[in-house]
$ cat work.cif   # mmCIF, C-alpha atoms
data_my_file
#
loop_
_atom_site.group_PDB
_atom_site.id
_atom_site.type_symbol
_atom_site.label_atom_id
_atom_site.label_comp_id
_atom_site.auth_asym_id
_atom_site.auth_seq_id
_atom_site.Cartn_x
_atom_site.Cartn_y
_atom_site.Cartn_z
ATOM 1 C CA MET A 400 137.245 38.392 181.921
ATOM 2 C CA THR A 401 139.767 35.780 180.789
ATOM 3 C CA THR A 402 140.387 35.645 177.059
ATOM 4 C CA PRO A 403 139.862 32.117 175.644
ATOM 5 C CA THR A 404 143.151 30.411 174.897
ATOM 6 C CA THR A 405 144.018 28.388 171.838
ATOM 7 C CA GLY A 406 146.795 26.064 170.777
ATOM 8 C CA ILE A 407 148.955 24.495 173.455
ATOM 9 C CA ALA A 408 147.881 27.124 175.996
ATOM 10 C CA GLY A 409 144.289 26.074 175.425
ATOM 11 C CA VAL A 410 145.198 22.421 175.974
ATOM 12 C CA PHE A 411 146.732 23.183 179.345
ATOM 13 C CA ASP A 412 143.886 25.499 180.264
ATOM 14 C CA ARG A 413 141.445 22.629 179.691
ATOM 15 C CA ALA A 414 143.676 20.294 181.679
ATOM 16 C CA ALA A 415 144.053 22.675 184.637
ATOM 17 C CA ASP A 416 141.483 20.967 186.869
ATOM 18 C CA THR A 417 143.182 17.557 186.703
ATOM 19 C CA TYR A 418 146.800 18.519 185.983
ATOM 20 C CA ASP A 419 149.041 16.705 188.494
ATOM 21 C CA ALA A 420 145.899 15.722 190.418
ATOM 22 C CA VAL A 421 145.014 12.149 189.394
ATOM 23 C CA GLY A 422 147.102 10.332 191.997
ATOM 24 C CA VAL A 423 150.160 9.597 189.819
ATOM 25 C CA GLU A 424 153.589 10.662 191.081
ATOM 26 C CA TRP A 425 155.001 12.317 187.991
ATOM 27 C CA PHE A 426 155.558 16.072 187.891
ATOM 28 C CA GLY A 427 156.621 16.198 191.536
ATOM 29 C CA PRO A 428 159.651 13.888 191.215
ATOM 30 C CA ILE A 429 160.678 15.497 187.919
ATOM 31 C CA ALA A 430 160.469 19.010 189.382
ATOM 32 C CA ALA A 431 162.264 17.960 192.560
ATOM 33 C CA GLY A 432 165.167 16.678 190.490
ATOM 34 C CA LEU A 433 165.468 19.955 188.604
ATOM 35 C CA VAL A 434 165.278 22.027 191.781
ATOM 36 C CA ALA A 435 167.990 19.904 193.376
ATOM 37 C CA GLU A 436 170.290 20.382 190.378
ATOM 38 C CA LEU A 437 169.815 24.160 190.416
ATOM 39 C CA ALA A 438 170.502 24.389 194.163
ATOM 40 C CA ALA A 439 168.744 27.740 194.621
ATOM 41 C CA GLN A 440 169.976 29.552 197.728
ATOM 42 C CA PRO A 441 168.197 31.710 200.327
ATOM 43 C CA GLY A 442 167.726 35.241 199.039
ATOM 44 C CA GLU A 443 168.051 34.405 195.332
ATOM 45 C CA ARG A 444 165.652 35.643 192.643
ATOM 46 C CA VAL A 445 164.186 32.811 190.581
ATOM 47 C CA LEU A 446 162.050 32.641 187.449
ATOM 48 C CA ASP A 447 160.049 29.474 186.717
ATOM 49 C CA VAL A 448 159.142 29.477 183.020
ATOM 50 C CA GLY A 449 155.999 27.453 182.273
ATOM 51 C CA CYS A 450 155.287 26.927 185.952
ATOM 52 C CA GLY A 451 152.115 24.877 185.425
ATOM 53 C CA ARG A 452 150.579 23.880 188.742
ATOM 54 C CA GLY A 453 153.671 24.796 190.718
ATOM 55 C CA ALA A 454 155.582 21.512 191.053
ATOM 56 C CA ALA A 455 158.911 23.331 190.693
ATOM 57 C CA LEU A 456 157.684 26.787 191.717
ATOM 58 C CA LEU A 457 156.737 25.899 195.278
ATOM 59 C CA ARG A 458 159.929 23.898 195.811
ATOM 60 C CA LEU A 459 161.974 26.825 194.541
ATOM 61 C CA ALA A 460 160.077 29.162 196.869
ATOM 62 C CA GLN A 461 160.993 26.943 199.799
ATOM 63 C CA ALA A 462 164.642 26.896 198.723
ATOM 64 C CA VAL A 463 165.055 30.679 198.467
ATOM 65 C CA GLY A 464 162.956 31.403 201.544
ATOM 66 C CA PRO A 465 161.179 34.653 202.398
ATOM 67 C CA SER A 466 164.333 36.676 201.698
ATOM 68 C CA GLY A 467 164.226 35.530 198.064
ATOM 69 C CA GLN A 468 161.772 36.097 195.230
ATOM 70 C CA VAL A 469 160.139 33.605 192.888
ATOM 71 C CA LEU A 470 158.106 34.450 189.798
ATOM 72 C CA GLY A 471 156.201 31.754 187.934
ATOM 73 C CA ILE A 472 154.880 32.422 184.428
ATOM 74 C CA ASP A 473 152.579 30.322 182.290
ATOM 75 C CA LEU A 474 150.501 30.956 179.178
ATOM 76 C CA ALA A 475 147.394 29.130 180.470
ATOM 77 C CA PRO A 476 145.267 31.506 182.593
ATOM 78 C CA ARG A 477 143.460 28.792 184.540
ATOM 79 C CA MET A 478 146.738 27.133 185.460
ATOM 80 C CA VAL A 479 148.041 30.484 186.683
ATOM 81 C CA ALA A 480 144.912 31.169 188.723
ATOM 82 C CA ALA A 481 145.050 27.767 190.442
ATOM 83 C CA THR A 482 148.768 28.001 191.186
ATOM 84 C CA ALA A 483 148.455 31.561 192.474
ATOM 85 C CA ALA A 484 145.767 30.320 194.876
ATOM 86 C CA ASP A 485 148.140 27.600 196.117
ATOM 87 C CA ALA A 486 150.835 30.227 196.703
ATOM 88 C CA GLN A 487 148.647 32.489 198.843
ATOM 89 C CA GLY A 488 150.358 33.312 202.076
ATOM 90 C CA MET A 489 153.787 33.293 200.419
ATOM 91 C CA PRO A 490 154.502 36.985 199.776
ATOM 92 C CA HIS A 491 157.795 36.221 198.039
ATOM 93 C CA VAL A 492 155.976 34.239 195.296
ATOM 94 C CA GLU A 493 154.173 35.719 192.285
ATOM 95 C CA VAL A 494 152.407 33.897 189.454
ATOM 96 C CA ARG A 495 151.337 35.627 186.262
ATOM 97 C CA VAL A 496 150.259 34.942 182.679
ATOM 98 C CA ALA A 497 153.161 35.442 180.255
ATOM 99 C CA ASP A 498 154.661 33.882 177.142
ATOM 100 C CA ALA A 499 157.661 31.613 177.747
ATOM 101 C CA SER A 500 159.150 32.673 174.416
ATOM 102 C CA ALA A 501 158.934 36.386 175.235
ATOM 103 C CA PRO A 502 158.465 36.858 178.992
ATOM 104 C CA GLY A 503 158.622 40.655 178.824
ATOM 105 C CA LEU A 504 160.788 40.918 181.946
ATOM 106 C CA ALA A 505 163.733 43.141 182.756
ATOM 107 C CA ALA A 506 167.189 41.986 181.693
ATOM 108 C CA SER A 507 169.639 40.725 184.331
ATOM 109 C CA SER A 508 166.879 40.332 186.923
ATOM 110 C CA TYR A 509 167.266 36.700 188.026
ATOM 111 C CA ASP A 510 169.879 34.501 189.628
ATOM 112 C CA VAL A 511 168.155 31.328 188.436
ATOM 113 C CA VAL A 512 165.841 30.456 185.542
ATOM 114 C CA ALA A 513 164.107 27.070 185.676
ATOM 115 C CA SER A 514 161.907 25.460 183.044
ATOM 116 C CA CYS A 515 160.446 21.986 183.490
ATOM 117 C CA LEU A 516 159.124 20.102 180.430
ATOM 118 C CA VAL A 517 158.395 23.294 178.488
ATOM 119 C CA LEU A 518 161.172 23.955 175.986
ATOM 120 C CA PHE A 519 160.042 21.333 173.426
ATOM 121 C CA PHE A 520 156.589 22.934 173.179
ATOM 122 C CA LEU A 521 157.961 26.292 172.050
ATOM 123 C CA PRO A 522 157.979 27.282 168.369
ATOM 124 C CA ASP A 523 161.628 28.445 168.492
ATOM 125 C CA PRO A 524 163.460 26.869 171.447
ATOM 126 C CA ALA A 525 166.772 28.498 170.503
ATOM 127 C CA ALA A 526 165.235 31.980 170.534
ATOM 128 C CA ALA A 527 163.569 31.271 173.874
ATOM 129 C CA LEU A 528 166.895 30.210 175.385
ATOM 130 C CA ARG A 529 168.520 33.420 174.173
ATOM 131 C CA ALA A 530 165.715 35.417 175.802
ATOM 132 C CA TRP A 531 166.147 33.518 179.068
ATOM 133 C CA LEU A 532 169.896 34.118 178.995
ATOM 134 C CA GLU A 533 169.284 37.869 178.942
ATOM 135 C CA LEU A 534 167.127 37.589 182.067
ATOM 136 C CA LEU A 535 169.996 36.132 184.109
ATOM 137 C CA VAL A 536 172.566 38.132 185.994
ATOM 138 C CA PRO A 537 176.207 37.429 185.040
ATOM 139 C CA GLY A 538 176.996 34.002 186.454
ATOM 140 C CA GLY A 539 173.274 33.212 186.784
ATOM 141 C CA ARG A 540 172.102 29.621 186.313
ATOM 142 C CA LEU A 541 169.639 27.953 183.951
ATOM 143 C CA GLY A 542 168.121 24.485 184.283
ATOM 144 C CA VAL A 543 165.707 22.835 181.854
ATOM 145 C CA ALA A 544 164.058 19.424 182.026
ATOM 146 C CA THR A 545 163.325 17.492 178.838
ATOM 147 C CA PHE A 546 162.589 13.859 178.048
ATOM 148 C CA GLY A 547 165.111 11.161 177.272
ATOM 149 C CA PRO A 548 164.226 7.605 176.173
ATOM 150 C CA GLN A 549 160.950 5.935 177.152
ATOM 151 C CA ASP A 550 160.401 2.251 177.701
ATOM 152 C CA GLU A 551 159.060 0.261 174.745
ATOM 153 C CA ALA A 552 155.492 0.058 176.038
ATOM 154 C CA TRP A 553 155.222 3.841 176.321
ATOM 155 C CA VAL A 554 156.627 4.336 172.833
ATOM 156 C CA ALA A 555 154.153 1.817 171.441
ATOM 157 C CA ILE A 556 151.221 3.568 173.124
ATOM 158 C CA ASP A 557 152.313 6.962 171.794
ATOM 159 C CA GLU A 558 152.568 5.519 168.303
ATOM 160 C CA LEU A 559 148.857 4.650 168.389
ATOM 161 C CA PHE A 560 148.141 8.388 168.149
ATOM 162 C CA THR A 561 150.464 9.031 165.203
ATOM 163 C CA PRO A 562 147.901 8.582 162.369
ATOM 164 C CA TYR A 563 145.677 11.252 163.908
ATOM 165 C CA LEU A 564 148.240 13.966 164.633
ATOM 166 C CA PRO A 565 148.794 17.022 162.410
ATOM 167 C CA PRO A 566 152.364 17.687 161.242
ATOM 168 C CA GLY A 567 153.012 20.429 163.778
ATOM 169 C CA MET A 568 152.015 18.208 166.675
ATOM 170 C CA LEU A 569 154.117 15.377 165.336
ATOM 171 C CA ASP A 570 157.152 17.639 165.453
ATOM 172 C CA ALA A 571 156.521 18.603 169.084
ATOM 173 C CA ARG A 572 155.593 15.100 170.189
ATOM 174 C CA ARG A 573 158.681 13.560 168.637
ATOM 175 C CA SER A 574 161.047 16.204 169.958
ATOM 176 C CA GLY A 575 162.671 13.611 172.205
ATOM 177 C CA ARG A 576 163.528 11.327 169.296
ATOM 178 C CA ARG A 577 165.192 13.653 166.818
ATOM 179 C CA GLY A 578 166.801 17.064 166.619
ATOM 180 C CA PRO A 579 168.446 18.698 169.646
ATOM 181 C CA PHE A 580 166.069 17.018 172.118
ATOM 182 C CA ALA A 581 167.151 13.539 171.045
ATOM 183 C CA SER A 582 170.510 13.458 172.842
ATOM 184 C CA ASP A 583 172.664 14.975 175.545
ATOM 185 C CA GLY A 584 174.944 16.377 172.866
ATOM 186 C CA GLY A 585 172.037 18.008 171.076
ATOM 187 C CA MET A 586 170.847 19.721 174.239
ATOM 188 C CA GLN A 587 174.355 20.839 175.124
ATOM 189 C CA ALA A 588 174.811 22.328 171.654
ATOM 190 C CA LEU A 589 171.420 24.068 171.874
ATOM 191 C CA LEU A 590 172.316 25.825 175.122
ATOM 192 C CA GLU A 591 175.852 26.667 174.031
ATOM 193 C CA ALA A 592 174.579 28.182 170.778
ATOM 194 C CA ALA A 593 172.296 30.413 172.866
ATOM 195 C CA GLY A 594 175.323 31.665 174.805
ATOM 196 C CA PHE A 595 175.352 29.490 177.937
ATOM 197 C CA VAL A 596 178.625 28.181 179.344
ATOM 198 C CA ASP A 597 179.564 25.245 181.588
ATOM 199 C CA VAL A 598 176.705 23.243 180.090
ATOM 200 C CA ARG A 599 176.159 19.751 181.468
ATOM 201 C CA ASN A 600 173.495 17.038 181.499
ATOM 202 C CA THR A 601 172.243 14.760 184.253
ATOM 203 C CA HIS A 602 169.476 12.153 184.200
ATOM 204 C CA LEU A 603 166.721 10.785 186.402
ATOM 205 C CA ALA A 604 164.656 7.646 185.769
ATOM 206 C CA VAL A 605 161.006 8.283 186.649
ATOM 207 C CA GLN A 606 158.446 5.518 186.997
ATOM 208 C CA ALA A 607 154.789 6.389 186.418
ATOM 209 C CA ARG A 608 152.688 3.836 188.303
ATOM 210 C CA PHE A 609 148.963 3.335 187.752
ATOM 211 C CA VAL A 610 146.612 1.282 189.889
ATOM 212 C CA ASP A 611 144.676 0.342 186.768
ATOM 213 C CA ALA A 612 144.169 1.267 183.124
ATOM 214 C CA GLU A 613 141.490 3.805 184.034
ATOM 215 C CA GLN A 614 143.981 5.803 186.071
ATOM 216 C CA TRP A 615 146.401 5.742 183.134
ATOM 217 C CA HIS A 616 143.575 7.051 180.907
ATOM 218 C CA ASP A 617 142.820 9.873 183.346
ATOM 219 C CA PHE A 618 146.536 10.680 183.589
ATOM 220 C CA SER A 619 146.939 10.836 179.804
ATOM 221 C CA TRP A 620 144.165 13.443 179.607
ATOM 222 C CA SER A 621 145.567 15.514 182.491
ATOM 223 C CA HIS A 622 148.700 16.970 180.843
ATOM 224 C CA GLY A 623 150.189 17.679 177.401
ATOM 225 C CA GLN A 624 149.071 14.310 176.000
ATOM 226 C CA ARG A 625 145.548 15.711 176.127
ATOM 227 C CA ALA A 626 146.375 17.410 172.807
ATOM 228 C CA MET A 627 146.939 13.981 171.277
ATOM 229 C CA TRP A 628 143.586 12.697 172.532
ATOM 230 C CA GLU A 629 141.827 15.804 171.230
ATOM 231 C CA ALA A 630 143.306 15.131 167.774
ATOM 232 C CA VAL A 631 141.567 11.737 167.681
ATOM 233 C CA PRO A 632 137.946 11.869 166.395
ATOM 234 C CA PRO A 633 135.607 11.264 169.370
ATOM 235 C CA GLY A 634 134.090 8.199 167.744
ATOM 236 C CA GLN A 635 137.516 6.523 167.541
ATOM 237 C CA ARG A 636 138.826 7.296 171.017
ATOM 238 C CA GLU A 637 137.383 4.224 172.718
ATOM 239 C CA ASP A 638 138.991 1.889 170.200
ATOM 240 C CA LEU A 639 142.342 3.627 170.716
ATOM 241 C CA ARG A 640 141.931 3.411 174.492
ATOM 242 C CA GLN A 641 141.314 -0.314 174.323
ATOM 243 C CA ARG A 642 144.384 -0.862 172.150
ATOM 244 C CA ALA A 643 146.469 1.191 174.568
ATOM 245 C CA VAL A 644 145.205 -0.839 177.526
ATOM 246 C CA SER A 645 146.284 -4.027 175.777
ATOM 247 C CA LEU A 646 149.780 -2.609 175.423
ATOM 248 C CA LEU A 647 149.774 -1.461 179.039
ATOM 249 C CA GLU A 648 149.209 -5.011 180.229
ATOM 250 C CA ASP A 649 152.715 -5.868 179.032
ATOM 251 C CA SER A 650 154.115 -3.439 181.611
ATOM 252 C CA ARG A 651 152.198 -4.844 184.594
ATOM 253 C CA ASN A 652 154.404 -5.451 187.648
ATOM 254 C CA ALA A 653 154.420 -8.472 189.935
ATOM 255 C CA ASP A 654 152.223 -6.561 192.411
ATOM 256 C CA GLY A 655 149.613 -6.035 189.704
ATOM 257 C CA ALA A 656 150.339 -2.337 189.185
ATOM 258 C CA LEU A 657 150.873 -0.847 185.756
ATOM 259 C CA SER A 658 154.132 0.988 185.302
ATOM 260 C CA LEU A 659 155.801 3.027 182.567
ATOM 261 C CA ARG A 660 159.391 4.251 182.722
ATOM 262 C CA GLN A 661 160.667 7.583 181.413
ATOM 263 C CA ASP A 662 164.188 8.965 181.406
ATOM 264 C CA VAL A 663 164.271 12.681 182.268
ATOM 265 C CA ARG A 664 167.210 14.821 181.171
ATOM 266 C CA TYR A 665 168.283 17.921 183.087
ATOM 267 C CA THR A 666 170.450 20.330 181.116
ATOM 268 C CA LEU A 667 172.207 22.993 183.175
ATOM 269 C CA GLY A 668 174.213 26.031 182.152
ATOM 270 C CA ARG A 669 175.052 29.521 183.290
ATOM 271 C CA ARG A 670 175.488 33.001 181.911
ATOM 272 C CA ARG A 671 179.118 34.026 181.467
ATOM 273 C CA GLN A 672 180.432 36.179 184.321
ATOM 274 C CA THR A 673 181.503 39.009 182.032
#
$ encode --input "work.cif" --output "structure tokens"
Amino acid sequence: MTTPTTGIAGVFDRAADTYDAVGVEWFGPIAAGLVAELAAQPGERVLDVGCGRGAALLRLAQAVGPSGQVLGIDLAPRMVAATAADAQGMPHVEVRVADASAPGLAASSYDVVASCLVLFFLPDPAAALRAWLELLVPGGRLGVATFGPQDEAWVAIDELFTPYLPPGMLDARRSGRRGPFASDGGMQALLEAAGFVDVRNTHLAVQARFVDAEQWHDFSWSHGQRAMWEAVPPGQREDLRQRAVSLLEDSRNADGALSLRQDVRYTLGRRRQT
């Protein structure tokens, strides 16, 4: 029997049924960008930390082919179960429940470690990076995806939640606006302090398009923002939704679609050869 999850794992467990499944192209393009930057090769061994519903995992599995091995770990049991079901028939892919901060895996076991939109949720990102470094073979590669700047409409919508969020959630939610997650230099310094070399950053602009405000609402409940909604008292959620919809109207395109832009940062590094 699955043990009930709490905290951020519980949020993603509750979101598992709709995660990346509300008709919005979001996690796929972000994961594809990370996979392209890592350039995994046939036969390589890859670890996907915080694999979610497999947006990066399945692309990595295709890249390394049946001669390679891909392990996806996630702390949310229902996410793991759904992704493992999607990976059936791919014997070189395994998905299991494990903690991103302490994966409990053998040192020097992987050629590539990938982590997409996970690092800023962890209580000690620097310690997690040091743990991931130890999992890489000498010369092995790491790639992490984090968020850069958002467009003004998205920032304004996020700010509607601020009065309801506890201090700990405010720290995680604002990780892209201060501290190491706020700049390319901050991310480079974070990886270098953990021991990575040849650190570099690249960027991808991702556009989240919604056919209407209801799809945006469904989308916002289907991933990590669900934690923000759950922090709002139920009796006040409709008022917040209506205020968010008003802000969304400012981002409506000429074709009538609603669109929000997000910059995604990929930070890449490798373990020293010796």
$ resolve_selection --input "work.cif" --expression "the PyMOL selection byres ((chain A and resi 612) around 12)" --output "ChimeraX atom specification"
/A:608-611,613-619,640-651,655-659
$ atom_distance --input "work.cif" --atom1 "atom CA of Asp662 of chain A" --atom2 "atom CA of Arg477 of chain A"
28.9 Å
$ closest_residue --input "work.cif" --among "A:Ile472, A:Leu459, A:Leu521, A:Val631" --to "Gly567 of chain A" --atoms "all atoms listed in the file"
A:Leu521
$ atom_distance --input "work.cif" --atom1 "atom CA of Phe519 of chain A" --atom2 "atom CA of Gln468 of chain A"
26.4 Å
$ resolve_selection --input "work.cif" --expression "the PyMOL selection byres ((chain A and resi 666) around 12)" --output "PyMOL selection string"
chain A and resi 432-434+436-437+512-516+518+528+540-547+579-580+582-591+595-603+663-665+667-669
$ closest_residue --input "work.cif" --among "A:Ala454, A:Val496, A:Leu532, A:Ala408" --to "Pro428 of chain A" --atoms "only C-alpha atoms"
A:Ala454
$ atom_distance --input "work.cif" --atom1 "atom CA of Ala460 of chain A" --atom2 "atom CA of Gln606 of chain A"
25.7 Å
$ closest_residue --input "work.cif" --among "A:Pro476, A:Pro465, A:Pro565, A:Gly488" --to "Gly409 of chain A" --atoms "all atoms listed in the file"
A:Pro476
$ residues_around --input "work.cif" --residues "Gly503 of chain A" --least-positions-apart "6" --cutoff "10 Å" --atoms "only C-alpha atoms" --output "list in words"
Ala497, Ala530 and Leu534 of chain A
$ write_last_selection --input "work.cif" --atoms "C-alpha atoms" --output "PDB file, keeping the file's coordinate frame"
ATOM      1  CA  ALA A 497     153.161  35.442 180.255  1.00  0.00           C
ATOM      2  CA  ALA A 530     165.715  35.417 175.802  1.00  0.00           C
ATOM      3  CA  LEU A 534     167.127  37.589 182.067  1.00  0.00           C
TER       4      LEU A 534
END
$ closest_residue --input "work.cif" --among "A:Ala505, A:Met627, A:Ala552, A:Ala420" --to "Glu533 of chain A" --atoms "only C-alpha atoms"
A:Ala505
$ closest_residue --input "work.cif" --among "A:Asp498, A:Pro548, A:Ala527, A:Ala607" --to "Gly422 of chain A" --atoms "only C-alpha atoms"
A:Ala607
$ closest_residue --input "work.cif" --among "A:Pro562, A:Pro537, A:Gly594, A:Gly406" --to "Leu639 of chain A" --atoms "only C-alpha atoms"
A:Pro562
$ decode --input "work.cif" --residues "segment 559-569 of chain A" --atoms "all heavy atoms" --output "PDB file, in the first residue's frame"
ATOM      1  N   LEU A 559      -0.904  37.636  -7.172  1.00  0.00           N
ATOM      2  CA  LEU A 559      -2.218  37.534  -6.536  1.00  0.00           C
ATOM      3  C   LEU A 559      -2.209  36.517  -5.396  1.00  0.00           C
ATOM      4  O   LEU A 559      -2.980  36.632  -4.441  1.00  0.00           O
ATOM      5  CB  LEU A 559      -3.280  37.133  -7.563  1.00  0.00           C
ATOM      6  CG  LEU A 559      -3.579  38.127  -8.686  1.00  0.00           C
ATOM      7  CD1 LEU A 559      -4.595  37.520  -9.648  1.00  0.00           C
ATOM      8  CD2 LEU A 559      -4.103  39.442  -8.119  1.00  0.00           C
ATOM      9  N   PHE A 560      -1.338  35.509  -5.513  1.00  0.00           N
ATOM     10  CA  PHE A 560      -1.284  34.449  -4.499  1.00  0.00           C
ATOM     11  C   PHE A 560      -0.451  34.844  -3.279  1.00  0.00           C
ATOM     12  O   PHE A 560      -0.567  34.215  -2.223  1.00  0.00           O
ATOM     13  CB  PHE A 560      -0.691  33.178  -5.108  1.00  0.00           C
ATOM     14  CG  PHE A 560      -1.555  32.510  -6.123  1.00  0.00           C
ATOM     15  CD1 PHE A 560      -1.493  32.868  -7.470  1.00  0.00           C
ATOM     16  CD2 PHE A 560      -2.431  31.508  -5.755  1.00  0.00           C
ATOM     17  CE1 PHE A 560      -2.285  32.247  -8.423  1.00  0.00           C
ATOM     18  CE2 PHE A 560      -3.234  30.872  -6.697  1.00  0.00           C
ATOM     19  CZ  PHE A 560      -3.160  31.248  -8.040  1.00  0.00           C
ATOM     20  N   THR A 561       0.396  35.857  -3.426  1.00  0.00           N
ATOM     21  CA  THR A 561       1.377  36.175  -2.394  1.00  0.00           C
ATOM     22  C   THR A 561       0.797  36.320  -0.992  1.00  0.00           C
ATOM     23  O   THR A 561       1.363  35.786  -0.026  1.00  0.00           O
ATOM     24  CB  THR A 561       2.168  37.442  -2.780  1.00  0.00           C
ATOM     25  OG1 THR A 561       2.834  37.203  -4.019  1.00  0.00           O
ATOM     26  CG2 THR A 561       3.195  37.804  -1.721  1.00  0.00           C
ATOM     27  N   PRO A 562      -0.333  37.030  -0.796  1.00  0.00           N
ATOM     28  CA  PRO A 562      -0.843  37.194   0.577  1.00  0.00           C
ATOM     29  C   PRO A 562      -1.220  35.895   1.272  1.00  0.00           C
ATOM     30  O   PRO A 562      -1.330  35.853   2.502  1.00  0.00           O
ATOM     31  CB  PRO A 562      -2.081  38.079   0.383  1.00  0.00           C
ATOM     32  CG  PRO A 562      -1.880  38.761  -0.923  1.00  0.00           C
ATOM     33  CD  PRO A 562      -1.145  37.772  -1.766  1.00  0.00           C
ATOM     34  N   TYR A 563      -1.416  34.832   0.501  1.00  0.00           N
ATOM     35  CA  TYR A 563      -1.893  33.576   1.080  1.00  0.00           C
ATOM     36  C   TYR A 563      -0.769  32.568   1.347  1.00  0.00           C
ATOM     37  O   TYR A 563      -1.014  31.549   2.001  1.00  0.00           O
ATOM     38  CB  TYR A 563      -2.906  32.918   0.129  1.00  0.00           C
ATOM     39  CG  TYR A 563      -4.053  33.806  -0.238  1.00  0.00           C
ATOM     40  CD1 TYR A 563      -4.060  34.498  -1.451  1.00  0.00           C
ATOM     41  CD2 TYR A 563      -5.136  33.974   0.621  1.00  0.00           C
ATOM     42  CE1 TYR A 563      -5.113  35.322  -1.802  1.00  0.00           C
ATOM     43  CE2 TYR A 563      -6.196  34.803   0.278  1.00  0.00           C
ATOM     44  CZ  TYR A 563      -6.179  35.474  -0.934  1.00  0.00           C
ATOM     45  OH  TYR A 563      -7.223  36.297  -1.285  1.00  0.00           O
ATOM     46  N   LEU A 564       0.430  32.842   0.853  1.00  0.00           N
ATOM     47  CA  LEU A 564       1.481  31.834   0.886  1.00  0.00           C
ATOM     48  C   LEU A 564       2.304  31.905   2.165  1.00  0.00           C
ATOM     49  O   LEU A 564       2.696  32.983   2.601  1.00  0.00           O
ATOM     50  CB  LEU A 564       2.403  32.008  -0.322  1.00  0.00           C
ATOM     51  CG  LEU A 564       1.724  31.943  -1.689  1.00  0.00           C
ATOM     52  CD1 LEU A 564       2.758  32.066  -2.798  1.00  0.00           C
ATOM     53  CD2 LEU A 564       0.911  30.664  -1.857  1.00  0.00           C
ATOM     54  N   PRO A 565       2.604  30.744   2.771  1.00  0.00           N
ATOM     55  CA  PRO A 565       3.477  30.710   3.943  1.00  0.00           C
ATOM     56  C   PRO A 565       4.907  31.055   3.542  1.00  0.00           C
ATOM     57  O   PRO A 565       5.276  30.949   2.367  1.00  0.00           O
ATOM     58  CB  PRO A 565       3.359  29.261   4.431  1.00  0.00           C
ATOM     59  CG  PRO A 565       2.989  28.481   3.213  1.00  0.00           C
ATOM     60  CD  PRO A 565       2.132  29.385   2.381  1.00  0.00           C
ATOM     61  N   PRO A 566       5.730  31.460   4.509  1.00  0.00           N
ATOM     62  CA  PRO A 566       7.096  31.892   4.175  1.00  0.00           C
ATOM     63  C   PRO A 566       7.902  30.874   3.371  1.00  0.00           C
ATOM     64  O   PRO A 566       8.598  31.229   2.420  1.00  0.00           O
ATOM     65  CB  PRO A 566       7.727  32.142   5.546  1.00  0.00           C
ATOM     66  CG  PRO A 566       6.568  32.500   6.427  1.00  0.00           C
ATOM     67  CD  PRO A 566       5.422  31.651   5.942  1.00  0.00           C
ATOM     68  N   GLY A 567       7.803  29.606   3.728  1.00  0.00           N
ATOM     69  CA  GLY A 567       8.572  28.599   3.015  1.00  0.00           C
ATOM     70  C   GLY A 567       8.192  28.515   1.549  1.00  0.00           C
ATOM     71  O   GLY A 567       9.040  28.356   0.678  1.00  0.00           O
ATOM     72  N   MET A 568       6.898  28.624   1.262  1.00  0.00           N
ATOM     73  CA  MET A 568       6.456  28.571  -0.122  1.00  0.00           C
ATOM     74  C   MET A 568       6.841  29.833  -0.875  1.00  0.00           C
ATOM     75  O   MET A 568       7.145  29.797  -2.067  1.00  0.00           O
ATOM     76  CB  MET A 568       4.941  28.356  -0.190  1.00  0.00           C
ATOM     77  CG  MET A 568       4.451  27.962  -1.576  1.00  0.00           C
ATOM     78  SD  MET A 568       2.663  27.727  -1.641  1.00  0.00           S
ATOM     79  CE  MET A 568       2.472  26.370  -0.490  1.00  0.00           C
ATOM     80  N   LEU A 569       6.860  30.939  -0.192  1.00  0.00           N
ATOM     81  CA  LEU A 569       7.309  32.177  -0.829  1.00  0.00           C
ATOM     82  C   LEU A 569       8.753  32.055  -1.276  1.00  0.00           C
ATOM     83  O   LEU A 569       9.121  32.484  -2.369  1.00  0.00           O
ATOM     84  CB  LEU A 569       7.167  33.357   0.133  1.00  0.00           C
ATOM     85  CG  LEU A 569       5.780  33.977   0.257  1.00  0.00           C
ATOM     86  CD1 LEU A 569       5.744  34.925   1.444  1.00  0.00           C
ATOM     87  CD2 LEU A 569       5.409  34.711  -1.022  1.00  0.00           C
TER      88      LEU A 569
END
